[in-house]
$ cat input35.txt   # compact mmCIF, C-alpha atoms
# COMPACT_ATOMS: atom_id res chain seq x y z
CA MET Q 3 -5.46 -2.25 9.55
CA THR Q 4 -1.91 -1.52 10.67
CA GLN Q 5 -1.14 1.04 13.33
CA ASP Q 6 0.51 3.35 10.76
CA GLN Q 7 -2.56 3.13 8.54
CA SER Q 8 -4.80 3.87 11.52
CA ILE Q 9 -2.81 6.94 12.48
CA GLN Q 10 -2.95 8.19 8.90
CA ALA Q 11 -6.72 7.61 8.73
CA VAL Q 12 -7.63 10.48 11.07
CA ARG Q 13 -5.75 13.27 12.77
CA ALA Q 14 -8.25 15.49 14.52
CA GLY Q 15 -7.00 18.25 16.78
CA GLY Q 16 -3.63 16.54 16.96
CA ILE Q 17 -5.07 13.35 18.46
CA ALA Q 18 -4.37 10.28 16.37
CA ALA Q 19 -6.68 7.33 15.85
CA VAL Q 20 -5.88 4.24 17.90
CA PRO Q 21 -6.65 0.79 16.48
CA ARG Q 22 -8.63 -1.61 18.61
CA GLY Q 23 -7.13 -5.03 18.14
CA ALA Q 24 -8.42 -6.78 21.21
CA ARG Q 25 -11.77 -6.95 22.95
CA ILE Q 26 -12.62 -7.56 26.55
CA GLY Q 27 -14.30 -10.72 27.76
CA THR Q 28 -17.97 -11.54 27.76
CA ALA Q 29 -18.35 -9.97 31.20
CA LEU Q 30 -18.48 -6.56 29.55
CA ALA Q 31 -21.30 -7.57 27.23
CA THR Q 32 -23.46 -8.76 30.10
CA ALA Q 33 -22.53 -6.30 32.84
CA ALA Q 34 -25.28 -4.04 34.13
CA LEU Q 35 -23.88 -0.68 33.12
CA LEU Q 36 -24.40 2.62 34.88
CA LEU Q 37 -22.03 5.05 33.19
CA ALA Q 38 -21.36 8.68 32.84
CA ALA Q 39 -19.58 10.33 30.11
CA CYS Q 40 -16.83 12.75 30.41
CA GLY Q 41 -17.48 16.42 29.97
CA ALA Q 42 -15.93 18.71 27.45
CA VAL Q 43 -12.54 20.29 27.05
CA GLY Q 44 -11.36 23.62 25.82
CA GLY Q 45 -11.59 27.26 26.66
CA SER Q 46 -11.42 29.58 29.62
CA PRO Q 47 -13.03 29.24 33.05
CA ALA Q 48 -16.79 29.25 32.60
CA PRO Q 49 -19.35 31.69 33.95
CA THR Q 50 -20.98 30.98 37.25
CA ALA Q 51 -24.53 29.94 37.98
CA GLY Q 52 -25.16 33.35 39.45
CA GLY Q 53 -23.45 35.28 36.67
CA SER Q 54 -20.14 36.04 38.43
CA PRO Q 55 -16.80 35.24 36.80
CA ALA Q 56 -15.57 31.69 37.34
CA GLY Q 57 -12.56 31.18 39.53
CA GLY Q 58 -14.07 33.61 42.03
CA SER Q 59 -14.30 31.20 44.92
CA PRO Q 60 -13.70 32.86 48.27
CA ALA Q 61 -10.04 33.62 48.87
CA ALA Q 62 -9.61 31.25 51.78
CA GLY Q 63 -11.94 28.66 50.29
CA SER Q 64 -13.81 28.47 53.57
CA PRO Q 65 -15.83 31.62 54.28
CA GLY Q 66 -17.79 29.95 57.02
CA GLY Q 67 -14.83 28.85 59.11
CA GLY Q 68 -14.80 25.55 60.92
CA GLY Q 69 -18.34 24.63 61.93
CA GLY Q 70 -21.49 24.07 59.89
CA ALA Q 71 -24.16 25.66 62.09
CA ASN Q 72 -24.33 28.85 59.98
CA TYR Q 73 -23.47 27.22 56.65
CA PRO Q 74 -23.22 28.72 54.14
CA THR Q 75 -21.83 32.18 54.87
CA GLY Q 76 -20.27 32.70 51.43
CA ASN Q 77 -20.24 31.46 47.87
CA ILE Q 78 -19.94 27.73 47.16
CA THR Q 79 -17.83 26.39 44.29
CA PHE Q 80 -18.98 23.38 42.27
CA VAL Q 81 -15.95 21.78 40.63
CA VAL Q 82 -16.57 20.08 37.27
CA PRO Q 83 -13.77 17.72 36.11
CA PHE Q 84 -14.06 18.92 32.49
CA ASP Q 85 -14.42 22.23 30.70
CA ALA Q 86 -17.69 23.90 29.78
CA GLY Q 87 -19.89 22.50 27.04
CA GLY Q 88 -20.12 18.80 27.86
CA PRO Q 89 -22.82 16.75 29.57
CA THR Q 90 -21.33 16.81 33.06
CA ASP Q 91 -21.02 20.59 32.90
CA THR Q 92 -24.57 20.88 31.54
CA VAL Q 93 -26.08 18.86 34.39
CA THR Q 94 -24.08 20.82 36.96
CA ARG Q 95 -25.34 24.16 35.68
CA LEU Q 96 -28.95 22.98 35.65
CA ILE Q 97 -28.94 22.22 39.39
CA ALA Q 98 -26.56 24.95 40.59
CA THR Q 99 -29.02 27.84 40.48
CA PRO Q 100 -31.91 26.19 42.40
CA MET Q 101 -29.47 24.68 44.90
CA GLY Q 102 -27.93 28.11 45.45
CA THR Q 103 -31.37 29.64 45.93
CA GLU Q 104 -32.29 26.99 48.50
CA LEU Q 105 -29.00 27.50 50.35
CA GLY Q 106 -29.25 31.30 50.15
CA THR Q 107 -25.97 31.80 48.31
CA THR Q 108 -24.35 31.86 44.87
CA ILE Q 109 -22.87 28.66 43.46
CA ILE Q 110 -19.85 29.24 41.26
CA ILE Q 111 -18.92 26.73 38.54
CA GLU Q 112 -15.21 25.97 38.25
CA ASN Q 113 -14.07 23.72 35.39
CA VAL Q 114 -10.88 21.78 36.18
CA PRO Q 115 -10.05 19.38 33.32
CA GLY Q 116 -7.31 16.79 33.27
CA ALA Q 117 -6.54 13.07 33.46
CA GLY Q 118 -10.06 11.75 33.13
CA GLY Q 119 -11.38 13.87 35.98
CA THR Q 120 -8.73 12.85 38.50
CA VAL Q 121 -7.14 16.32 38.66
CA ALA Q 122 -10.40 17.91 39.84
CA ALA Q 123 -11.21 15.04 42.19
CA GLY Q 124 -7.74 15.23 43.73
CA GLN Q 125 -8.07 18.97 44.26
CA VAL Q 126 -11.42 18.63 45.99
CA ALA Q 127 -10.16 15.74 48.14
CA ASP Q 128 -7.36 18.02 49.36
CA SER Q 129 -9.66 21.00 50.00
CA PRO Q 130 -10.84 22.09 53.46
CA ALA Q 131 -13.72 19.92 54.68
CA ASP Q 132 -16.08 22.87 55.05
CA GLY Q 133 -18.61 22.43 52.23
CA TYR Q 134 -17.36 25.29 50.05
CA ARG Q 135 -15.85 23.10 47.32
CA VAL Q 136 -18.19 20.44 45.95
CA LEU Q 137 -17.31 17.93 43.22
CA MET Q 138 -19.70 16.83 40.49
CA HIS Q 139 -18.44 13.57 39.01
CA HIS Q 140 -19.53 10.47 37.10
CA ILE Q 141 -18.25 6.97 36.43
CA GLY Q 142 -14.71 8.32 36.62
CA MET Q 143 -14.97 8.01 40.39
CA SER Q 144 -15.39 4.25 40.06
CA THR Q 145 -12.99 3.53 37.18
CA ALA Q 146 -10.12 5.80 38.28
CA PRO Q 147 -8.58 3.35 40.80
CA THR Q 148 -8.13 0.77 38.02
CA LEU Q 149 -7.21 3.14 35.19
CA TYR Q 150 -4.79 5.22 37.26
CA PRO Q 151 -2.76 2.94 39.55
CA ASP Q 152 -0.87 5.91 41.07
CA LEU Q 153 -4.05 7.73 42.05
CA ASP Q 154 -3.36 9.93 45.09
CA TYR Q 155 -6.88 9.73 46.55
CA ASP Q 156 -9.36 7.01 47.47
CA PRO Q 157 -12.85 7.61 46.00
CA LEU Q 158 -14.51 6.06 49.05
CA ALA Q 159 -12.21 7.07 51.91
CA ASP Q 160 -11.41 10.64 50.84
CA PHE Q 161 -14.93 11.92 50.13
CA GLU Q 162 -18.33 12.29 51.74
CA THR Q 163 -21.16 11.63 49.30
CA ILE Q 164 -24.05 14.09 48.86
CA GLY Q 165 -26.37 12.22 46.49
CA LEU Q 166 -27.12 11.08 42.96
CA VAL Q 167 -28.36 13.69 40.49
CA THR Q 168 -29.54 12.09 37.27
CA GLU Q 169 -29.29 9.02 35.06
CA VAL Q 170 -28.95 9.76 31.35
CA PRO Q 171 -29.28 7.53 28.26
CA MET Q 172 -26.66 7.53 25.53
CA ALA Q 173 -27.16 7.62 21.77
CA ILE Q 174 -25.10 6.18 18.93
CA VAL Q 175 -24.76 8.92 16.32
CA GLY Q 176 -22.93 9.39 13.03
CA ARG Q 177 -21.59 12.28 10.99
CA PRO Q 178 -24.13 13.94 8.69
CA GLU Q 179 -22.87 12.32 5.45
CA PHE Q 180 -22.07 8.89 6.90
CA PRO Q 181 -23.63 6.27 4.54
CA PRO Q 182 -25.35 3.91 7.07
CA THR Q 183 -28.99 4.78 7.80
CA ASP Q 184 -29.77 2.45 10.72
CA LEU Q 185 -27.94 0.46 13.40
CA GLN Q 186 -27.78 -2.77 11.41
CA GLY Q 187 -26.49 -0.81 8.42
CA LEU Q 188 -23.87 0.80 10.65
CA ILE Q 189 -22.70 -2.60 11.90
CA ASP Q 190 -22.57 -3.97 8.35
CA TYR Q 191 -20.62 -0.93 7.18
CA VAL Q 192 -18.11 -1.15 10.03
CA GLY Q 193 -17.68 -4.87 9.33
CA ASP Q 194 -16.88 -4.36 5.64
CA PRO Q 195 -13.07 -4.56 5.31
CA ALA Q 196 -13.25 -2.16 2.36
CA ASN Q 197 -14.29 0.66 4.72
CA THR Q 198 -12.09 2.63 7.11
CA VAL Q 199 -14.37 3.69 9.97
CA THR Q 200 -13.38 5.87 12.92
CA TYR Q 201 -15.08 6.06 16.31
CA ALA Q 202 -14.66 9.13 18.53
CA ASN Q 203 -14.54 8.87 22.31
CA ALA Q 204 -13.89 11.26 25.18
CA GLY Q 205 -10.79 9.51 26.50
CA ARG Q 206 -9.66 6.73 28.77
CA GLY Q 207 -12.47 5.42 30.96
CA ALA Q 208 -15.10 7.80 29.59
CA ALA Q 209 -18.59 6.47 28.99
CA SER Q 210 -18.04 6.87 25.25
CA HIS Q 211 -14.88 4.74 25.48
CA LEU Q 212 -16.70 2.05 27.45
CA CYS Q 213 -19.65 2.19 25.04
CA GLY Q 214 -17.18 1.58 22.21
CA LEU Q 215 -15.81 -1.48 23.98
CA LEU Q 216 -19.36 -2.72 24.43
CA PHE Q 217 -20.13 -2.11 20.74
CA GLU Q 218 -17.09 -4.18 19.76
CA GLU Q 219 -18.01 -7.04 22.04
CA ALA Q 220 -21.68 -7.13 21.03
CA THR Q 221 -20.93 -6.98 17.30
CA ASP Q 222 -17.66 -8.96 17.25
CA LEU Q 223 -16.02 -6.11 15.36
CA ASP Q 224 -12.85 -4.06 15.75
CA ILE Q 225 -13.19 -0.29 15.49
CA VAL Q 226 -10.53 2.38 15.11
CA GLU Q 227 -10.91 4.76 18.04
CA VAL Q 228 -9.99 8.45 18.05
CA SER Q 229 -9.55 9.53 21.67
CA TYR Q 230 -10.20 13.11 22.71
CA THR Q 231 -10.00 14.76 26.11
CA GLY Q 232 -13.73 15.48 26.18
CA THR Q 233 -17.00 15.15 24.32
CA ALA Q 234 -17.11 18.73 23.00
CA PRO Q 235 -14.09 18.40 20.67
CA ALA Q 236 -15.19 14.88 19.72
CA LYS Q 237 -18.64 16.14 18.74
CA THR Q 238 -17.13 19.10 16.88
CA ASP Q 239 -15.07 16.75 14.72
CA LEU Q 240 -18.09 14.49 14.20
CA LEU Q 241 -20.16 17.43 12.97
CA GLY Q 242 -17.25 18.46 10.75
CA GLY Q 243 -17.04 15.02 9.20
CA HIS Q 244 -13.55 14.28 10.54
CA VAL Q 245 -14.69 11.13 12.39
CA ASP Q 246 -17.52 8.76 11.53
CA PHE Q 247 -19.52 7.94 14.65
CA MET Q 248 -19.59 8.10 18.44
CA CYS Q 249 -21.70 7.22 21.48
CA ASP Q 250 -22.64 10.22 23.61
CA GLN Q 251 -25.10 11.25 26.30
CA THR Q 252 -28.46 12.48 25.08
CA THR Q 253 -27.85 15.64 27.13
CA ASN Q 254 -25.08 16.45 24.64
CA VAL Q 255 -26.56 15.37 21.29
CA SER Q 256 -30.36 15.70 21.53
CA ALA Q 257 -30.35 19.12 19.86
CA GLU Q 258 -28.25 17.84 16.96
CA ILE Q 259 -30.43 14.74 16.57
CA LEU Q 260 -33.62 16.80 16.47
CA ALA Q 261 -32.06 19.28 14.04
CA GLY Q 262 -30.88 16.48 11.75
CA SER Q 263 -27.26 17.60 11.94
CA VAL Q 264 -26.18 14.09 13.01
CA LYS Q 265 -27.54 10.66 12.13
CA ALA Q 266 -29.06 8.88 15.13
CA TYR Q 267 -28.82 5.09 15.01
CA ALA Q 268 -30.08 4.06 18.44
CA VAL Q 269 -30.47 5.00 22.08
CA THR Q 270 -28.81 2.65 24.56
CA THR Q 271 -31.86 2.05 26.76
CA PRO Q 272 -34.48 -0.73 26.88
CA GLU Q 273 -37.23 1.78 25.99
CA ARG Q 274 -37.30 4.74 23.62
CA VAL Q 275 -36.46 8.18 25.02
CA ALA Q 276 -39.57 10.38 25.23
CA SER Q 277 -37.83 13.44 23.76
CA LEU Q 278 -36.43 11.37 20.86
CA PRO Q 279 -39.41 9.17 19.95
CA GLU Q 280 -38.22 8.44 16.40
CA VAL Q 281 -34.89 6.98 17.53
CA PRO Q 282 -35.06 3.19 18.07
CA THR Q 283 -33.36 1.36 20.92
CA THR Q 284 -30.38 -0.95 20.57
CA GLU Q 285 -32.65 -3.73 21.80
CA GLU Q 286 -35.10 -3.15 18.96
CA ALA Q 287 -32.24 -3.62 16.51
CA GLY Q 288 -31.25 -6.90 18.14
CA PHE Q 289 -28.29 -5.57 20.11
CA GLY Q 290 -29.68 -5.33 23.63
CA ASP Q 291 -26.22 -5.97 25.07
CA ILE Q 292 -25.31 -2.41 24.09
CA GLU Q 293 -27.20 -0.93 27.03
CA VAL Q 294 -25.71 2.06 28.83
CA GLY Q 295 -27.11 4.32 31.54
CA VAL Q 296 -25.26 7.39 32.84
CA TRP Q 297 -25.14 8.68 36.41
CA HIS Q 298 -23.81 11.85 38.07
CA GLY Q 299 -23.22 12.49 41.77
CA LEU Q 300 -22.02 15.18 44.19
CA TYR Q 301 -19.13 14.82 46.67
CA VAL Q 302 -17.33 16.86 49.33
CA PRO Q 303 -14.01 16.16 51.11
CA ALA Q 304 -13.95 13.51 53.83
CA GLY Q 305 -14.55 14.93 57.27
CA THR Q 306 -17.09 17.53 56.16
CA PRO Q 307 -19.51 18.00 59.09
CA ASP Q 308 -22.73 16.02 58.93
CA GLU Q 309 -24.89 19.15 59.09
CA ILE Q 310 -23.20 20.52 55.94
CA VAL Q 311 -23.62 17.22 54.10
CA THR Q 312 -27.29 17.23 55.10
CA ALA Q 313 -27.76 20.85 53.98
CA LEU Q 314 -26.28 20.10 50.56
CA SER Q 315 -28.26 16.89 50.16
CA ASP Q 316 -31.50 18.64 51.16
CA ALA Q 317 -30.78 21.44 48.66
CA LEU Q 318 -30.11 18.84 45.96
CA LYS Q 319 -33.48 17.22 46.60
CA VAL Q 320 -35.21 20.60 46.28
CA ALA Q 321 -33.34 21.35 43.04
CA LEU Q 322 -34.34 18.02 41.53
CA GLN Q 323 -38.01 18.89 42.16
CA ASP Q 324 -37.64 22.28 40.46
CA GLN Q 325 -39.91 22.32 37.41
CA LYS Q 326 -37.35 24.09 35.23
CA VAL Q 327 -34.74 21.44 36.04
CA ILE Q 328 -37.24 18.69 35.27
CA ASP Q 329 -38.27 20.34 32.00
CA ASP Q 330 -34.71 21.10 30.87
CA LEU Q 331 -33.54 17.57 31.62
CA ALA Q 332 -36.56 16.16 29.77
CA LYS Q 333 -35.61 18.17 26.67
CA LEU Q 334 -32.22 16.47 26.85
CA GLY Q 335 -33.69 12.98 27.21
CA ALA Q 336 -32.99 12.71 30.94
CA ALA Q 337 -34.74 13.00 34.30
CA PRO Q 338 -33.81 13.66 37.93
CA VAL Q 339 -33.31 10.64 40.15
CA ALA Q 340 -35.98 9.74 42.69
CA GLN Q 341 -35.77 11.58 45.99
CA ASP Q 342 -34.52 8.51 47.85
CA GLN Q 343 -31.56 8.35 45.45
CA ALA Q 344 -30.49 11.96 46.06
CA THR Q 345 -28.93 10.86 49.35
CA PRO Q 346 -25.44 10.08 50.64
CA SER Q 347 -26.28 6.43 51.28
CA ALA Q 348 -27.59 5.86 47.74
CA LEU Q 349 -24.52 7.38 46.08
CA THR Q 350 -22.13 5.53 48.40
CA ALA Q 351 -23.84 2.22 47.64
CA LEU Q 352 -23.66 2.84 43.88
CA LEU Q 353 -20.01 3.93 44.02
CA GLU Q 354 -19.02 0.82 45.97
CA GLU Q 355 -20.92 -1.39 43.50
CA GLN Q 356 -19.39 0.29 40.46
CA ILE Q 357 -15.82 0.08 41.75
CA GLY Q 358 -16.31 -3.65 42.28
CA LEU Q 359 -17.93 -4.06 38.86
CA TRP Q 360 -15.44 -2.15 36.75
CA ALA Q 361 -12.11 -3.25 38.29
CA PRO Q 362 -12.14 -6.79 36.80
CA ILE Q 363 -13.72 -5.65 33.53
CA LEU Q 364 -11.15 -2.94 32.87
CA GLU Q 365 -8.28 -5.17 33.97
CA ALA Q 366 -9.43 -7.67 31.33
CA ALA Q 367 -9.25 -5.04 28.56
CA PRO Q 368 -5.75 -5.58 27.08
CA SER Q 369 -5.55 -2.51 24.86
CA LEU Q 370 -6.73 0.49 26.84
CA PRO Q 371 -5.74 3.84 25.36
CA PRO Q 372 -3.15 5.86 27.32
CA PRO Q 373 -4.34 8.22 30.05
CA ALA Q 374 -5.56 11.63 28.89
CA PRO Q 375 -2.98 14.43 29.32
CA THR Q 376 -3.24 16.55 32.45
CA THR Q 377 -2.84 19.83 30.57
$ encode --input "input35.txt" --output "C-alpha cells"
Amino acid sequence: MTQDQSIQAVRAGGIAAVPRGARIGTALATAALLLAACGAVGGSPAPTAGGSPAGGSPAAGSPGGGGGANYPTGNITFVVPFDAGGPTDTVTRLIATPMGTELGTTIIIENVPGAGGTVAAGQVADSPADGYRVLMHHIGMSTAPTLYPDLDYDPLADFETIGLVTEVPMAIVGRPEFPPTDLQGLIDYVGDPANTVTYANAGRGAASHLCGLLFEEATDLDIVEVSYTGTAPAKTDLLGGHVDFMCDQTTNVSAEILAGSVKAYAVTTPERVASLPEVPTTEEAGFGDIEVGVWHGLYVPAGTPDEIVTALSDALKVALQDQKVIDDLAKLGAAPVAQDQATPSALTALLEEQIGLWAPILEAAPSLPPPAPTT
C-alpha cells in the first residue's frame, strides 16, 4: 500500500493512518515486556479524588514549606500525563482516595497531556521537592530518553521513586463489525492483500504502539497504524467503526468486551484473565511472542526528603490493600502489585532495567511515528 493510499484509508479526528513498512529485529519478539499504555486525551481538567475542582493545587505548590516532619499540611496533586478517561487516569483515581485518607488530606488529580507524557514529567521534575506534586507514569518514563533525544529531564536523576502500583494485561480487540472471529482469523485477514486493515494506537512509544510492533514481528505482517494522542479517542473510533483493531489495557476495554461492543481476540498474558475467562491468550493461539504486561509507578522530584518519600510509599501500600481498590482492579482484569514491589527500590530497579531494555529495541525500529503534539 502506498503512503497516499494509506492516508486515504482512514482519517479519524484529523490523524492520518501511517503505513508500517519496516519491522524491528527479533529482539522485540523475544524481549520480556513490561509496558504501560498511554492514557486518554481530550476535555477539561478532571474532577479530584475528593470532589474538588481539578487545577486547585495549593497556590504555592508547597503548603507544608521546606521540611517533611508535618507532611502533609495541605492538598497533594497527582499529575497524570494524559487526560481523563484512559487507563493511567483510571488507576490513579482508584488509589488516590485511600492514599489521601491514609495521609489525612485530599489528593487532587491534574491531567497534563502532551508529547507522550513528557510534558507532565518535565513539569513535576521542575516542581518544588516537597511532596505536593506526585507523578503517575508508565513505560513512557523508560522509553522517553530514546524517543525524545532533546528531553529536558533525566528519568533516573531528576526523580525520587515512590513505588509500583499495578501490572495490567492488554487485550487485542476489534471493531464490532470486523469480520475476523478469532486471533488466527485476524492474522489471516490482515495478511490478505485484498483487505485494507487499520490498527489504532495511542501514539509514539505507547504500549499500544509497542504491541503493534510486536504483532508485526510475531506474524511477519505489515499493518497500517493510525496514531492518536491517547487511548480514549482511539477506542472511540474503534467503537465507531472508523478503525479496525487495537491493543489496549484491560482496564480500558473490559467493560466493552463483556458488553460485546468490541470483538476480543486474545489477552496478552500466559494465562487467561480471571475477569475475562472466555477470552483466550495469545499463547493459546500459537503467538506467545505477543506477550505484554503493563506497569504504573509513582514519582516525586529529586531531592524530596526521605520522610516524605516514606510517607507516600507507606500510604501507597495501604491503598493497594484496600478491598475496594482490589475489587475494582479485579473487575478491570488487573491486581495491585505485591507489597514488596510498592517501594522506591523496586520501582527504581524496574525503571533502570526498562531503560536498558528499550533503548536498543527502539533504536532498531526504523519507522517510528513522529512524536505526539504537545498541544
$ closest_residue --input "input35.txt" --among "Q:Val114, Q:Ala204, Q:Ile363, Q:Val296" --to "Thr233 (chain Q)" --atoms "all atoms listed in the file"
Q:Ala204
$ atom_distance --input "input35.txt" --atom1 "CA of Gly87 (chain Q)" --atom2 "CA of Glu162 (chain Q)"
26.8 Å
$ closest_atom_pairs --input "input35.txt" --of "region 199-310 of chain Q" --to "region 346-349 of chain Q" --cutoff "12 Å" --atoms "all atoms listed in the file" --output "Markdown table"
| residue | atom | partner | partner_atom | distance |
| --- | --- | --- | --- | --- |
| Q:Trp297 | CA | Q:Leu349 | CA | 9.8 |
| Q:His298 | CA | Q:Leu349 | CA | 9.2 |
| Q:Gly299 | CA | Q:Leu349 | CA | 6.8 |
| Q:Leu300 | CA | Q:Leu349 | CA | 8.4 |
| Q:Tyr301 | CA | Q:Pro346 | CA | 8.8 |
| Q:Val302 | CA | Q:Pro346 | CA | 10.7 |
| Q:Asp308 | CA | Q:Pro346 | CA | 10.6 |
| Q:Ile310 | CA | Q:Pro346 | CA | 11.9 |
$ closest_residue --input "input35.txt" --among "Q:Glu309, Q:Glu293, Q:Asp222, Q:Glu169" --to "Gly335 (chain Q)" --atoms "only C-alpha atoms"
Q:Glu169
$ closest_residue --input "input35.txt" --among "Q:Thr283, Q:Thr120, Q:Thr90, Q:Thr270" --to "Gly142 (chain Q)" --atoms "all atoms listed in the file"
Q:Thr120
$ closest_residue --input "input35.txt" --among "Q:Val281, Q:Val294, Q:Leu331, Q:Ala321" --to "Thr183 (chain Q)" --atoms "all atoms listed in the file"
Q:Val281
$ atom_distance --input "input35.txt" --atom1 "CA of Lys265 (chain Q)" --atom2 "CA of Val175 (chain Q)"
5.3 Å
$ closest_residue --input "input35.txt" --among "Q:Ile328, Q:Thr168, Q:Ile225, Q:Leu334" --to "Pro100 (chain Q)" --atoms "all atoms listed in the file"
Q:Ile328
$ residues_around --input "input35.txt" --residues "region 245-258 of chain Q" --least-positions-apart "4" --cutoff "7 Å" --atoms "all atoms listed in the file" --output "count of residues only"
26
$ atom_distance --input "input35.txt" --atom1 "CA of Val327 (chain Q)" --atom2 "CA of Gly106 (chain Q)"
18.1 Å
$ closest_residue --input "input35.txt" --among "Q:Pro338, Q:Gly193, Q:Pro130, Q:Gly358" --to "Val93 (chain Q)" --atoms "all atoms listed in the file"
Q:Pro338
$ residues_around --input "input35.txt" --residues "Gly70 (chain Q)" --least-positions-apart "6" --cutoff "12 Å" --atoms "all atoms listed in the file" --output "list of chain:residue names"
Q:Ser64, Q:Ala131, Q:Asp132, Q:Gly133, Q:Tyr134, Q:Gly305, Q:Thr306, Q:Pro307, Q:Asp308, Q:Glu309, Q:Ile310, Q:Val311, Q:Thr312, Q:Ala313, Q:Leu314
